[in-house]
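Dropping entry.pdb in here (PDB, C-alpha atoms and all ligand atoms):
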```
ATOM      1  CA  MET A   9     -10.253 -12.412  -3.614  1.00  0.00           C
ATOM      2  CA  ASP A  10      -9.813  -8.889  -4.884  1.00  0.00           C
ATOM      3  CA  ARG A  11      -6.294  -8.784  -6.256  1.00  0.00           C
ATOM      4  CA  PRO A  12      -5.071  -6.178  -6.781  1.00  0.00           C
ATOM      5  CA  ILE A  13      -7.009  -3.613  -4.730  1.00  0.00           C
ATOM      6  CA  ALA A  14      -7.573  -0.354  -6.625  1.00  0.00           C
ATOM      7  CA  TYR A  15      -5.391   2.381  -5.186  1.00  0.00           C
ATOM      8  CA  ASP A  16      -8.414   4.539  -4.378  1.00  0.00           C
ATOM      9  CA  LYS A  17      -9.812   1.754  -2.214  1.00  0.00           C
ATOM     10  CA  LEU A  18      -6.908   1.868   0.236  1.00  0.00           C
ATOM     11  CA  ALA A  19      -8.206   2.858   3.657  1.00  0.00           C
ATOM     12  CA  ARG A  20      -7.249   6.416   4.542  1.00  0.00           C
ATOM     13  CA  GLU A  21      -8.326   9.068   6.970  1.00  0.00           C
ATOM     14  CA  ASP A  22     -10.085  12.034   5.374  1.00  0.00           C
ATOM     15  CA  ARG A  23      -7.020  14.233   5.761  1.00  0.00           C
ATOM     16  CA  PHE A  24      -5.168  12.309   3.023  1.00  0.00           C
ATOM     17  CA  MET A  25      -5.634  13.348  -0.603  1.00  0.00           C
ATOM     18  CA  ARG A  26      -4.670  10.962  -3.392  1.00  0.00           C
ATOM     19  CA  MET A  27      -3.500  12.072  -6.802  1.00  0.00           C
ATOM     20  CA  ARG A  28      -1.684  10.510  -9.745  1.00  0.00           C
ATOM     21  CA  ALA A  29       2.021  11.433  -9.769  1.00  0.00           C
ATOM     22  CA  ARG A  30       1.675  12.784 -13.292  1.00  0.00           C
ATOM     23  CA  ARG A  31      -1.091  15.159 -12.177  1.00  0.00           C
ATOM     24  CA  VAL A  32       1.008  16.390  -9.234  1.00  0.00           C
ATOM     25  CA  ALA A  33       3.895  17.152 -11.612  1.00  0.00           C
ATOM     26  CA  GLU A  34       1.537  18.959 -14.047  1.00  0.00           C
ATOM     27  CA  LEU A  35       0.051  21.096 -11.279  1.00  0.00           C
ATOM     28  CA  LYS A  36       3.498  22.038 -10.026  1.00  0.00           C
ATOM     29  CA  LEU A  37       4.617  23.085 -13.497  1.00  0.00           C
ATOM     30  CA  GLU A  38       1.420  25.130 -13.926  1.00  0.00           C
ATOM     31  CA  GLN A  39       2.244  26.924 -10.689  1.00  0.00           C
ATOM     32  CA  GLY A  40       5.816  27.539 -11.754  1.00  0.00           C
ATOM     33  CA  LEU A  41       7.254  25.121  -9.185  1.00  0.00           C
ATOM     34  CA  PRO A  42       9.992  22.584  -9.926  1.00  0.00           C
ATOM     35  CA  PRO A  43       8.495  19.040 -10.108  1.00  0.00           C
ATOM     36  CA  PHE A  44      11.332  17.678  -7.986  1.00  0.00           C
ATOM     37  CA  PRO A  45      12.449  20.056  -5.223  1.00  0.00           C
ATOM     38  CA  ASP A  46      16.203  20.193  -4.701  1.00  0.00           C
ATOM     39  CA  LEU A  47      16.011  20.028  -0.878  1.00  0.00           C
ATOM     40  CA  ALA A  48      17.853  23.312  -0.493  1.00  0.00           C
ATOM     41  CA  ARG A  49      15.119  24.635   1.799  1.00  0.00           C
ATOM     42  CA  ARG A  50      13.448  23.155   4.872  1.00  0.00           C
ATOM     43  CA  GLU A  51      10.079  23.457   3.124  1.00  0.00           C
ATOM     44  CA  SER A  52      11.231  21.201   0.286  1.00  0.00           C
ATOM     45  CA  ILE A  53      12.733  18.723   2.781  1.00  0.00           C
ATOM     46  CA  LYS A  54       9.311  18.629   4.451  1.00  0.00           C
ATOM     47  CA  GLU A  55       7.640  17.808   1.126  1.00  0.00           C
ATOM     48  CA  ARG A  56      10.162  15.028   0.465  1.00  0.00           C
ATOM     49  CA  VAL A  57       9.614  13.623   3.973  1.00  0.00           C
ATOM     50  CA  HIS A  58       5.860  13.615   3.308  1.00  0.00           C
ATOM     51  CA  GLY A  59       6.436  11.736   0.048  1.00  0.00           C
ATOM     52  CA  ILE A  60       8.517   9.167   1.914  1.00  0.00           C
ATOM     53  CA  LEU A  61       5.858   8.882   4.638  1.00  0.00           C
ATOM     54  CA  VAL A  62       3.156   7.865   2.147  1.00  0.00           C
ATOM     55  CA  GLY A  63       5.660   5.527   0.489  1.00  0.00           C
ATOM     56  CA  GLU A  64       6.232   3.844   3.870  1.00  0.00           C
ATOM     57  CA  LEU A  65       2.492   3.557   4.369  1.00  0.00           C
ATOM     58  CA  GLN A  66       2.063   1.869   0.995  1.00  0.00           C
ATOM     59  CA  ALA A  67       5.139  -0.328   1.589  1.00  0.00           C
ATOM     60  CA  MET A  68       3.457  -1.545   4.788  1.00  0.00           C
ATOM     61  CA  GLU A  69       0.208  -2.216   2.925  1.00  0.00           C
ATOM     62  CA  GLY A  70       2.029  -3.858   0.014  1.00  0.00           C
ATOM     63  CA  ALA A  71       3.981  -6.264   2.232  1.00  0.00           C
ATOM     64  CA  GLY A  72       0.739  -7.014   4.088  1.00  0.00           C
ATOM     65  CA  ARG A  73      -0.973  -7.875   0.818  1.00  0.00           C
ATOM     66  CA  THR A  74       1.907 -10.152  -0.098  1.00  0.00           C
ATOM     67  CA  VAL A  75       1.463 -12.054   3.191  1.00  0.00           C
ATOM     68  CA  TYR A  76      -2.161 -12.595   2.194  1.00  0.00           C
ATOM     69  CA  ASP A  77      -1.992 -13.037  -1.576  1.00  0.00           C
ATOM     70  CA  PHE A  78       0.372 -16.029  -1.755  1.00  0.00           C
ATOM     71  CA  PRO A  79      -0.837 -18.734   0.649  1.00  0.00           C
ATOM     72  CA  ASP A  80       1.218 -21.372  -1.199  1.00  0.00           C
ATOM     73  CA  ALA A  81       4.551 -19.500  -0.924  1.00  0.00           C
ATOM     74  CA  PRO A  82       7.212 -20.933   1.429  1.00  0.00           C
ATOM     75  CA  TRP A  83       6.460 -20.223   5.080  1.00  0.00           C
ATOM     76  CA  GLU A  84       9.758 -18.320   5.515  1.00  0.00           C
ATOM     77  CA  PHE A  85       8.753 -16.008   2.675  1.00  0.00           C
ATOM     78  CA  THR A  86       5.483 -15.147   4.398  1.00  0.00           C
ATOM     79  CA  LEU A  87       7.352 -14.612   7.682  1.00  0.00           C
ATOM     80  CA  ASP A  88       9.814 -12.223   5.999  1.00  0.00           C
ATOM     81  CA  MET A  89       6.934 -10.246   4.504  1.00  0.00           C
ATOM     82  CA  ALA A  90       5.195 -10.109   7.900  1.00  0.00           C
ATOM     83  CA  ARG A  91       8.431  -8.801   9.444  1.00  0.00           C
ATOM     84  CA  GLN A  92       8.526  -6.190   6.742  1.00  0.00           C
ATOM     85  CA  VAL A  93       4.993  -5.028   7.630  1.00  0.00           C
ATOM     86  CA  TRP A  94       6.228  -4.497  11.181  1.00  0.00           C
ATOM     87  CA  ASP A  95       9.325  -2.592  10.010  1.00  0.00           C
ATOM     88  CA  GLU A  96       7.323  -0.385   7.660  1.00  0.00           C
ATOM     89  CA  SER A  97       4.811   0.451  10.383  1.00  0.00           C
ATOM     90  CA  ARG A  98       7.711   1.728  12.521  1.00  0.00           C
ATOM     91  CA  HIS A  99       8.954   3.723   9.541  1.00  0.00           C
ATOM     92  CA  VAL A 100       5.514   5.317   9.194  1.00  0.00           C
ATOM     93  CA  GLU A 101       5.685   6.397  12.848  1.00  0.00           C
ATOM     94  CA  ILE A 102       9.227   7.721  12.444  1.00  0.00           C
ATOM     95  CA  TYR A 103       8.344   9.747   9.344  1.00  0.00           C
ATOM     96  CA  ILE A 104       5.170  11.172  10.929  1.00  0.00           C
ATOM     97  CA  GLN A 105       7.372  12.434  13.757  1.00  0.00           C
ATOM     98  CA  LEU A 106      10.010  13.783  11.356  1.00  0.00           C
ATOM     99  CA  LEU A 107       7.250  15.595   9.494  1.00  0.00           C
ATOM    100  CA  GLU A 108       6.090  17.168  12.765  1.00  0.00           C
ATOM    101  CA  HIS A 109       9.712  17.989  13.588  1.00  0.00           C
ATOM    102  CA  LEU A 110       9.752  19.955  10.311  1.00  0.00           C
ATOM    103  CA  GLY A 111       6.512  21.738  11.177  1.00  0.00           C
ATOM    104  CA  GLY A 112       4.362  19.650   8.826  1.00  0.00           C
ATOM    105  CA  TYR A 113       1.526  17.176   9.189  1.00  0.00           C
ATOM    106  CA  ALA A 114       0.207  14.064   7.422  1.00  0.00           C
ATOM    107  CA  GLY A 115      -2.046  15.073   4.544  1.00  0.00           C
ATOM    108  CA  GLU A 116      -0.305  18.392   3.921  1.00  0.00           C
ATOM    109  CA  PHE A 117       0.723  17.255   0.413  1.00  0.00           C
ATOM    110  CA  PRO A 118      -1.062  14.922  -2.021  1.00  0.00           C
ATOM    111  CA  GLU A 119      -0.386  11.189  -1.812  1.00  0.00           C
ATOM    112  CA  THR A 120       0.709   9.535  -5.029  1.00  0.00           C
ATOM    113  CA  THR A 121       0.225   5.799  -5.308  1.00  0.00           C
ATOM    114  CA  ILE A 122       3.128   4.650  -7.431  1.00  0.00           C
ATOM    115  CA  LEU A 123       4.483   2.247  -4.851  1.00  0.00           C
ATOM    116  CA  TRP A 124       1.135   0.607  -4.278  1.00  0.00           C
ATOM    117  CA  ARG A 125       0.601   0.050  -7.981  1.00  0.00           C
ATOM    118  CA  CYS A 126       3.996  -1.683  -8.240  1.00  0.00           C
ATOM    119  CA  ALA A 127       3.058  -3.774  -5.195  1.00  0.00           C
ATOM    120  CA  CYS A 128       0.113  -5.211  -7.134  1.00  0.00           C
ATOM    121  CA  ALA A 129       2.162  -7.401  -9.511  1.00  0.00           C
ATOM    122  CA  GLU A 130       0.496 -10.792  -9.913  1.00  0.00           C
ATOM    123  CA  ASP A 131       3.658 -12.822  -9.319  1.00  0.00           C
ATOM    124  CA  ALA A 132       5.341 -12.869  -5.897  1.00  0.00           C
ATOM    125  CA  ALA A 133       8.791 -12.956  -7.541  1.00  0.00           C
ATOM    126  CA  ALA A 134       7.941  -9.835  -9.563  1.00  0.00           C
ATOM    127  CA  ARG A 135       6.731  -8.093  -6.416  1.00  0.00           C
ATOM    128  CA  VAL A 136       9.926  -8.679  -4.481  1.00  0.00           C
ATOM    129  CA  ALA A 137      12.010  -7.747  -7.524  1.00  0.00           C
ATOM    130  CA  GLY A 138      10.003  -4.593  -8.266  1.00  0.00           C
ATOM    131  CA  VAL A 139       9.215  -3.379  -4.766  1.00  0.00           C
ATOM    132  CA  ASN A 140      12.038  -4.721  -2.578  1.00  0.00           C
ATOM    133  CA  ARG A 141      14.852  -4.414  -5.078  1.00  0.00           C
ATOM    134  CA  GLY A 142      13.604  -1.632  -7.392  1.00  0.00           C
ATOM    135  CA  LEU A 143      11.711   0.738  -5.127  1.00  0.00           C
ATOM    136  CA  GLU A 144      13.453   0.012  -1.850  1.00  0.00           C
ATOM    137  CA  GLY A 145      16.764   0.246  -3.695  1.00  0.00           C
ATOM    138  CA  LEU A 146      15.606   3.714  -4.732  1.00  0.00           C
ATOM    139  CA  ALA A 147      14.735   4.374  -1.073  1.00  0.00           C
ATOM    140  CA  CYS A 148      18.376   3.589  -0.191  1.00  0.00           C
ATOM    141  CA  ASP A 149      19.508   6.290  -2.653  1.00  0.00           C
ATOM    142  CA  VAL A 150      16.950   8.824  -1.408  1.00  0.00           C
ATOM    143  CA  PHE A 151      17.598   8.155   2.297  1.00  0.00           C
ATOM    144  CA  ASN A 152      21.335   8.336   1.799  1.00  0.00           C
ATOM    145  CA  GLN A 153      20.888  11.750   0.210  1.00  0.00           C
ATOM    146  CA  LEU A 154      18.608  12.899   3.046  1.00  0.00           C
ATOM    147  CA  ILE A 155      21.172  11.825   5.653  1.00  0.00           C
ATOM    148  CA  HIS A 156      23.815  13.808   3.795  1.00  0.00           C
ATOM    149  CA  ILE A 157      21.597  16.920   3.670  1.00  0.00           C
ATOM    150  CA  ALA A 158      20.608  16.614   7.347  1.00  0.00           C
ATOM    151  CA  ARG A 159      24.281  16.432   8.266  1.00  0.00           C
ATOM    152  CA  LYS A 160      24.982  19.480   6.147  1.00  0.00           C
ATOM    153  CA  ILE A 161      22.248  21.612   7.680  1.00  0.00           C
ATOM    154  CA  GLY A 162      23.109  20.359  11.182  1.00  0.00           C
ATOM    155  CA  ASP A 163      19.916  18.436  11.968  1.00  0.00           C
ATOM    156  CA  PRO A 164      20.967  15.338  13.946  1.00  0.00           C
ATOM    157  CA  ILE A 165      17.348  14.248  14.499  1.00  0.00           C
ATOM    158  CA  ILE A 166      16.697  13.775  10.771  1.00  0.00           C
ATOM    159  CA  GLU A 167      20.211  12.426  10.231  1.00  0.00           C
ATOM    160  CA  HIS A 168      19.942   9.652  12.824  1.00  0.00           C
ATOM    161  CA  ALA A 169      16.278   8.786  12.314  1.00  0.00           C
ATOM    162  CA  VAL A 170      16.748   8.299   8.566  1.00  0.00           C
ATOM    163  CA  ASP A 171      19.941   6.334   9.172  1.00  0.00           C
ATOM    164  CA  PHE A 172      18.003   3.871  11.375  1.00  0.00           C
ATOM    165  CA  VAL A 173      15.336   3.480   8.689  1.00  0.00           C
ATOM    166  CA  LEU A 174      17.996   3.018   5.997  1.00  0.00           C
ATOM    167  CA  ALA A 175      19.431   0.082   7.979  1.00  0.00           C
ATOM    168  CA  ASP A 176      16.024  -1.630   7.747  1.00  0.00           C
ATOM    169  CA  GLU A 177      15.632  -0.831   4.057  1.00  0.00           C
ATOM    170  CA  ILE A 178      18.940  -2.527   3.324  1.00  0.00           C
ATOM    171  CA  THR A 179      17.544  -5.691   4.922  1.00  0.00           C
ATOM    172  CA  HIS A 180      14.370  -5.375   2.801  1.00  0.00           C
ATOM    173  CA  VAL A 181      16.388  -5.149  -0.396  1.00  0.00           C
ATOM    174  CA  ARG A 182      18.378  -8.181   0.779  1.00  0.00           C
ATOM    175  CA  MET A 183      15.114 -10.047   1.340  1.00  0.00           C
ATOM    176  CA  GLY A 184      14.124  -9.129  -2.207  1.00  0.00           C
ATOM    177  CA  SER A 185      17.427 -10.453  -3.551  1.00  0.00           C
ATOM    178  CA  LYS A 186      17.053 -13.671  -1.570  1.00  0.00           C
ATOM    179  CA  TRP A 187      13.426 -14.369  -2.531  1.00  0.00           C
ATOM    180  CA  LEU A 188      13.874 -13.420  -6.151  1.00  0.00           C
ATOM    181  CA  ASN A 189      16.453 -16.218  -6.308  1.00  0.00           C
ATOM    182  CA  GLU A 190      14.509 -18.728  -4.195  1.00  0.00           C
ATOM    183  CA  LEU A 191      11.119 -18.275  -5.846  1.00  0.00           C
ATOM    184  CA  THR A 192      12.472 -18.534  -9.369  1.00  0.00           C
ATOM    185  CA  LYS A 193      14.824 -21.448  -8.761  1.00  0.00           C
ATOM    186  CA  GLY A 194      14.646 -23.780 -11.777  1.00  0.00           C
ATOM    187  CA  ASP A 195      12.397 -21.348 -13.677  1.00  0.00           C
ATOM    188  CA  PRO A 196      14.611 -18.980 -15.704  1.00  0.00           C
ATOM    189  CA  GLU A 197      11.613 -17.591 -17.607  1.00  0.00           C
ATOM    190  CA  ARG A 198       9.906 -16.486 -14.390  1.00  0.00           C
ATOM    191  CA  ARG A 199      13.172 -14.976 -13.158  1.00  0.00           C
ATOM    192  CA  LYS A 200      13.634 -13.089 -16.411  1.00  0.00           C
ATOM    193  CA  ARG A 201      10.123 -11.606 -16.232  1.00  0.00           C
ATOM    194  CA  ALA A 202      10.619 -10.550 -12.598  1.00  0.00           C
ATOM    195  CA  ILE A 203      13.939  -8.858 -13.399  1.00  0.00           C
ATOM    196  CA  GLU A 204      12.415  -7.112 -16.411  1.00  0.00           C
ATOM    197  CA  PHE A 205       9.673  -5.776 -14.152  1.00  0.00           C
ATOM    198  CA  GLN A 206      12.317  -4.463 -11.743  1.00  0.00           C
ATOM    199  CA  GLU A 207      14.192  -2.834 -14.610  1.00  0.00           C
ATOM    200  CA  THR A 208      11.094  -0.998 -15.850  1.00  0.00           C
ATOM    201  CA  ILE A 209      10.764   0.386 -12.322  1.00  0.00           C
ATOM    202  CA  ASP A 210      14.447   1.357 -12.165  1.00  0.00           C
ATOM    203  CA  GLU A 211      14.055   3.211 -15.445  1.00  0.00           C
ATOM    204  CA  ARG A 212      10.824   4.964 -14.496  1.00  0.00           C
ATOM    205  CA  PHE A 213      12.033   6.144 -11.121  1.00  0.00           C
ATOM    206  CA  ASN A 214      15.075   8.102 -11.926  1.00  0.00           C
ATOM    207  CA  LEU A 215      13.286  11.134 -10.515  1.00  0.00           C
ATOM    208  CA  GLY A 216      13.460  13.228 -13.629  1.00  0.00           C
ATOM    209  CA  GLY A 217      17.092  12.319 -14.220  1.00  0.00           C
ATOM    210  CA  LEU A 218      18.087  13.497 -10.738  1.00  0.00           C
ATOM    211  CA  ARG A 219      19.383  10.097  -9.691  1.00  0.00           C
ATOM    212  CA  ARG A 220      22.932   9.709 -10.993  1.00  0.00           C
ATOM    213  CA  GLU A 221      26.268   8.239 -10.180  1.00  0.00           C
ATOM    214  CA  GLY A 222      28.540  10.636  -8.332  1.00  0.00           C
ATOM    215  CA  ASP A 223      29.317  12.523  -5.171  1.00  0.00           C
ATOM    216  CA  HIS A 224      26.472  14.107  -3.142  1.00  0.00           C
ATOM    217  CA  GLU A 225      27.872  17.547  -3.918  1.00  0.00           C
ATOM    218  CA  GLU A 226      27.916  16.923  -7.647  1.00  0.00           C
ATOM    219  CA  VAL A 227      24.655  15.137  -8.425  1.00  0.00           C
ATOM    220  CA  PRO A 228      21.135  15.760  -7.060  1.00  0.00           C
ATOM    221  CA  ILE A 229      20.573  12.171  -5.877  1.00  0.00           C
ATOM    222  CA  SER A 230      23.622   9.998  -5.696  1.00  0.00           C
ATOM    223  CA  ILE A 231      23.232   6.244  -6.295  1.00  0.00           C
ATOM    224  CA  ALA A 232      24.024   4.680  -2.912  1.00  0.00           C
ATOM    225  CA  THR A 233      26.481   2.125  -4.224  1.00  0.00           C
ATOM    226  CA  GLU A 234      27.758   1.120  -0.769  1.00  0.00           C
ATOM    227  CA  ALA A 235      24.265   0.580   0.681  1.00  0.00           C
ATOM    228  CA  ARG A 236      23.303  -1.292  -2.497  1.00  0.00           C
ATOM    229  CA  ARG A 237      26.277  -3.614  -2.174  1.00  0.00           C
ATOM    230  CA  LEU A 238      25.304  -4.311   1.441  1.00  0.00           C
ATOM    231  CA  ALA A 239      21.799  -5.049   0.155  1.00  0.00           C
ATOM    232  CA  GLY A 240      22.976  -7.777  -2.203  1.00  0.00           C
ATOM    233  CA  PHE A 241      23.223  -5.926  -5.513  1.00  0.00           C
ATOM    234  CA  THR A 242      26.062  -7.201  -7.649  1.00  0.00           C
ATOM    235  CA  ASP A 243      28.597  -4.806  -9.196  1.00  0.00           C
ATOM    236  CA  GLU A 244      27.132  -5.702 -12.565  1.00  0.00           C
ATOM    237  CA  GLU A 245      23.628  -4.714 -11.461  1.00  0.00           C
ATOM    238  CA  ILE A 246      24.878  -1.412 -10.040  1.00  0.00           C
ATOM    239  CA  ALA A 247      26.706  -0.703 -13.305  1.00  0.00           C
ATOM    240  CA  ARG A 248      23.525  -1.462 -15.254  1.00  0.00           C
ATOM    241  CA  LEU A 249      21.482   0.868 -13.049  1.00  0.00           C
ATOM    242  CA  ILE A 250      24.012   3.671 -13.580  1.00  0.00           C
ATOM    243  CA  LYS A 251      23.667   3.125 -17.311  1.00  0.00           C
ATOM    244  CA  THR A 252      19.847   3.383 -17.241  1.00  0.00           C
ATOM    245  CA  THR A 253      20.047   6.643 -15.275  1.00  0.00           C
ATOM    246  CA  GLN A 254      22.251   8.026 -18.020  1.00  0.00           C
ATOM    247  CA  ARG A 255      19.842   7.203 -20.801  1.00  0.00           C
ATOM    248  CA  SER A 256      16.464   8.055 -19.263  1.00  0.00           C
ATOM    249  CA  PRO A 257      16.484  11.672 -18.131  1.00  0.00           C
ATOM    250  CA  VAL A 258      12.686  11.899 -18.078  1.00  0.00           C
ATOM    251  CA  TYR A 259      10.386  10.745 -15.308  1.00  0.00           C
TER     252      TYR A 259
HETATM  253 FE    FE B   1      10.408   1.514   4.925  1.00  0.00          FE
HETATM  254 FE    FE B   2      11.170  -1.160   3.336  1.00  0.00          FE
END
```

What's the structure tokens form of this structure?
Ligand SMILES: [Fe+2]
Ligand SMILES: [Fe+2]
Amino acid sequence: MDRPIAYDKLAREDRFMRMRARRVAELKLEQGLPPFPDLARRESIKERVHGILVGELQAMEGAGRTVYDFPDAPWEFTLDMARQVWDESRHVEIYIQLLEHLGGYAGEFPETTILWRCACAEDAAARVAGVNRGLEGLACDVFNQLIHIARKIGDPIIEHAVDFVLADEITHVRMGSKWLNELTKGDPERRKRAIEFQETIDERFNLGGLRREGDHEEVPISIATEARRLAGFTDEEIARLIKTTQRSPVY
């Protein structure tokens, strides 16, 4: 069994172009563009929506791999991951339509493969910690911000569509919280490694220091504390995340 699959072996139509995130940031800087658009213009919202679309695609593929890669995991775990594949496939369809709503199309921007690479952790507990809790926790922050912006610019289609997707993401983070606990029961060392993996992801994905604690109007991406609580994060974990965003301003 080929585990993990190299990111450039993921099946894609020709219209998609893959590129390392670092390279995308370099090219933007060379062209005098900000590496992380502030979503003040519709064009930058479109780019963000495209980034989310490829993230959803890779989330679908990652959960699918997890169904396949761990035949000895509890049956309920496999079922949860299969449900997640179904959810993510709907999210892909929703974001393709949002992209079209914004006048864009799939393949308009390069696809980075950060999510997929995190989805290739060898241990199932590390995968749910890193992807479901780390990256999908980040998705809660990003979606919450997008809902706020859509409301501000008076776009109820984006506002409601993203809100529906956010509701699913909260359940995915919850699944991550549940399975991190279940899979590492009686094995504190395994639990520690999985949590450390999640924390490296939390630290790396602060989006250039844009993700902070605070009101939407005051910080570029506000940490969605309410959504995170609903998703099973403890107050202590939220406090720790806020601390990491304060000390790692670089991507
Ligand atoms: Fe999703
Ligand atoms: Fe998800």

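Near ligand FE 2 (chain B), the residues found within 6 Å are Glu96, Glu144, Glu177 and His180 of chain A (criterion computed using all atoms listed in the file).
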
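With all atoms listed in the file as the basis for measurement, A:Arg20 is the residue among A:Arg20, A:Asp88, A:Ala29, A:Gly40 that approaches Gly115 of chain A most closely.
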
3 Å per side around segment 158-161 of chain A: axis-aligned box centre and edge lengths, as JSON:
```
{"center_x": 22.8, "center_y": 19.0, "center_z": 7.2, "size_x": 10.4, "size_y": 11.2, "size_z": 8.1}
```

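Near (12.0, -2.1, -4.7), the residues inside the 9 Å limit, counting all atoms listed in the file, come to A:Leu123, A:Cys126, A:Arg135, A:Val136, A:Ala137, A:Gly138, A:Val139, A:Asn140, A:Arg141, A:Gly142, A:Leu143, A:Glu144, A:Gly145, A:Leu146, A:Ala147, A:His180, A:Val181, A:Gly184, A:Gln206, A:Ile209, A:Asp210.
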
Close residues to ligand FE 1 (chain B) using all atoms listed in the file, limit 10 Å, as a ChimeraX atom specification:
/A:60-61,63-68,92-100,102-103,140,144,147-148,170,173-178,180

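Each of A:Arg248, A:His224, A:Arg23, A:Arg30 was checked against Ile157 of chain A using only C-alpha atoms; the smallest atom-to-atom distance is that of A:His224.
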
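Near (4.0, 16.1, -11.8), the residues that fall inside 12 Å on the basis of only C-alpha atoms are A:Met27, A:Arg28, A:Ala29, A:Arg30, A:Arg31, A:Val32, A:Ala33, A:Glu34, A:Leu35, A:Lys36, A:Leu37, A:Glu38, A:Gln39, A:Gly40, A:Leu41, A:Pro42, A:Pro43, A:Phe44, A:Pro45, A:Pro118, A:Glu119, A:Thr120, A:Leu215, A:Gly216, A:Val258, A:Tyr259.
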
Using the chain letters and numbers from the file, which residues does the PyMOL selection byres (((chain A and resi 150) around 9) and not hetatm) grab, as an mmCIF file with C-alpha atoms, in the frame of the given file?
```
data_model
loop_
_atom_site.group_PDB
_atom_site.id
_atom_site.type_symbol
_atom_site.label_atom_id
_atom_site.label_comp_id
_atom_site.auth_asym_id
_atom_site.auth_seq_id
_atom_site.Cartn_x
_atom_site.Cartn_y
_atom_site.Cartn_z
ATOM 1 C CA GLY A 145 16.764 0.246 -3.695
ATOM 2 C CA LEU A 146 15.606 3.714 -4.732
ATOM 3 C CA ALA A 147 14.735 4.374 -1.073
ATOM 4 C CA CYS A 148 18.376 3.589 -0.191
ATOM 5 C CA ASP A 149 19.508 6.290 -2.653
ATOM 6 C CA PHE A 151 17.598 8.155 2.297
ATOM 7 C CA ASN A 152 21.335 8.336 1.799
ATOM 8 C CA GLN A 153 20.888 11.750 0.210
ATOM 9 C CA LEU A 154 18.608 12.899 3.046
ATOM 10 C CA ILE A 155 21.172 11.825 5.653
ATOM 11 C CA ARG A 219 19.383 10.097 -9.691
ATOM 12 C CA ILE A 229 20.573 12.171 -5.877
ATOM 13 C CA SER A 230 23.622 9.998 -5.696
ATOM 14 C CA ILE A 231 23.232 6.244 -6.295
ATOM 15 C CA ALA A 232 24.024 4.680 -2.912
#
```

Work out how far apart atom CA of His109 of chain A and atom CA of Ile161 of chain A are and give it in Å to one decimal.
14.3 Å

Looking at all atoms listed in the file, which of A:His58, A:Arg50, A:Arg91, A:Arg220 is the one that sits closest to Ile250 of chain A?
A:Arg220

Expand the PyMOL selection byres (((chain A and resi 190) around 12) and not hetatm) into the individual residues it matches in the shown file, reporting them as a PDB file with C-alpha atoms, in the coordinates of the input.
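Printed below is expr-v8.pdb as written:
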```pdb
ATOM      1  CA  ALA A  81       4.551 -19.500  -0.924  1.00  0.00           C
ATOM      2  CA  PRO A  82       7.212 -20.933   1.429  1.00  0.00           C
ATOM      3  CA  GLU A  84       9.758 -18.320   5.515  1.00  0.00           C
ATOM      4  CA  PHE A  85       8.753 -16.008   2.675  1.00  0.00           C
ATOM      5  CA  ALA A 132       5.341 -12.869  -5.897  1.00  0.00           C
ATOM      6  CA  ALA A 133       8.791 -12.956  -7.541  1.00  0.00           C
ATOM      7  CA  VAL A 136       9.926  -8.679  -4.481  1.00  0.00           C
ATOM      8  CA  ALA A 137      12.010  -7.747  -7.524  1.00  0.00           C
ATOM      9  CA  MET A 183      15.114 -10.047   1.340  1.00  0.00           C
ATOM     10  CA  GLY A 184      14.124  -9.129  -2.207  1.00  0.00           C
ATOM     11  CA  SER A 185      17.427 -10.453  -3.551  1.00  0.00           C
ATOM     12  CA  LYS A 186      17.053 -13.671  -1.570  1.00  0.00           C
ATOM     13  CA  TRP A 187      13.426 -14.369  -2.531  1.00  0.00           C
ATOM     14  CA  LEU A 188      13.874 -13.420  -6.151  1.00  0.00           C
ATOM     15  CA  ASN A 189      16.453 -16.218  -6.308  1.00  0.00           C
ATOM     16  CA  LEU A 191      11.119 -18.275  -5.846  1.00  0.00           C
ATOM     17  CA  THR A 192      12.472 -18.534  -9.369  1.00  0.00           C
ATOM     18  CA  LYS A 193      14.824 -21.448  -8.761  1.00  0.00           C
ATOM     19  CA  GLY A 194      14.646 -23.780 -11.777  1.00  0.00           C
ATOM     20  CA  ASP A 195      12.397 -21.348 -13.677  1.00  0.00           C
ATOM     21  CA  PRO A 196      14.611 -18.980 -15.704  1.00  0.00           C
ATOM     22  CA  ARG A 198       9.906 -16.486 -14.390  1.00  0.00           C
ATOM     23  CA  ARG A 199      13.172 -14.976 -13.158  1.00  0.00           C
TER      24      ARG A 199
END
```

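We find atom CA of Glu225 of chain A and atom CA of Ile246 of chain A to be spaced 20.1 Å apart.
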
So how many Å separate atom CA of Ala134 of chain A and atom CA of Phe24 of chain A, to one decimal?
28.6 Å

From the list A:Val227, A:Ala169, A:Leu110, A:Leu18, which residue is nearest Arg49 of chain A when using all atoms listed in the file?
A:Leu110

Which one is closest to Arg56 of chain A: A:Leu249, A:Leu107, A:Ile165, A:Ala158? Count only C-alpha atoms.
A:Leu107

Counting all atoms listed in the file, the residue of A:Met89, A:Glu167, A:Phe78, A:Asp22 that sits nearest Ala114 of chain A
A:Asp22

File for segment 181-194 of chain A (C-alpha atoms), as an mmCIF file, in the first residue's frame:
```
data_model
loop_
_atom_site.group_PDB
_atom_site.id
_atom_site.type_symbol
_atom_site.label_atom_id
_atom_site.label_comp_id
_atom_site.auth_asym_id
_atom_site.auth_seq_id
_atom_site.Cartn_x
_atom_site.Cartn_y
_atom_site.Cartn_z
ATOM 1 C CA VAL A 181 -13.610 19.176 14.829
ATOM 2 C CA ARG A 182 -15.821 17.433 17.399
ATOM 3 C CA MET A 183 -15.108 14.113 15.690
ATOM 4 C CA GLY A 184 -11.408 14.916 15.948
ATOM 5 C CA SER A 185 -11.753 15.662 19.663
ATOM 6 C CA LYS A 186 -13.690 12.445 20.226
ATOM 7 C CA TRP A 187 -11.339 10.159 18.273
ATOM 8 C CA LEU A 188 -8.188 11.727 19.621
ATOM 9 C CA ASN A 189 -9.434 10.678 23.064
ATOM 10 C CA GLU A 190 -10.744 7.249 22.032
ATOM 11 C CA LEU A 191 -7.762 6.163 19.948
ATOM 12 C CA THR A 192 -5.207 7.148 22.557
ATOM 13 C CA LYS A 193 -7.052 5.772 25.572
ATOM 14 C CA GLY A 194 -4.502 4.147 27.899
#
```
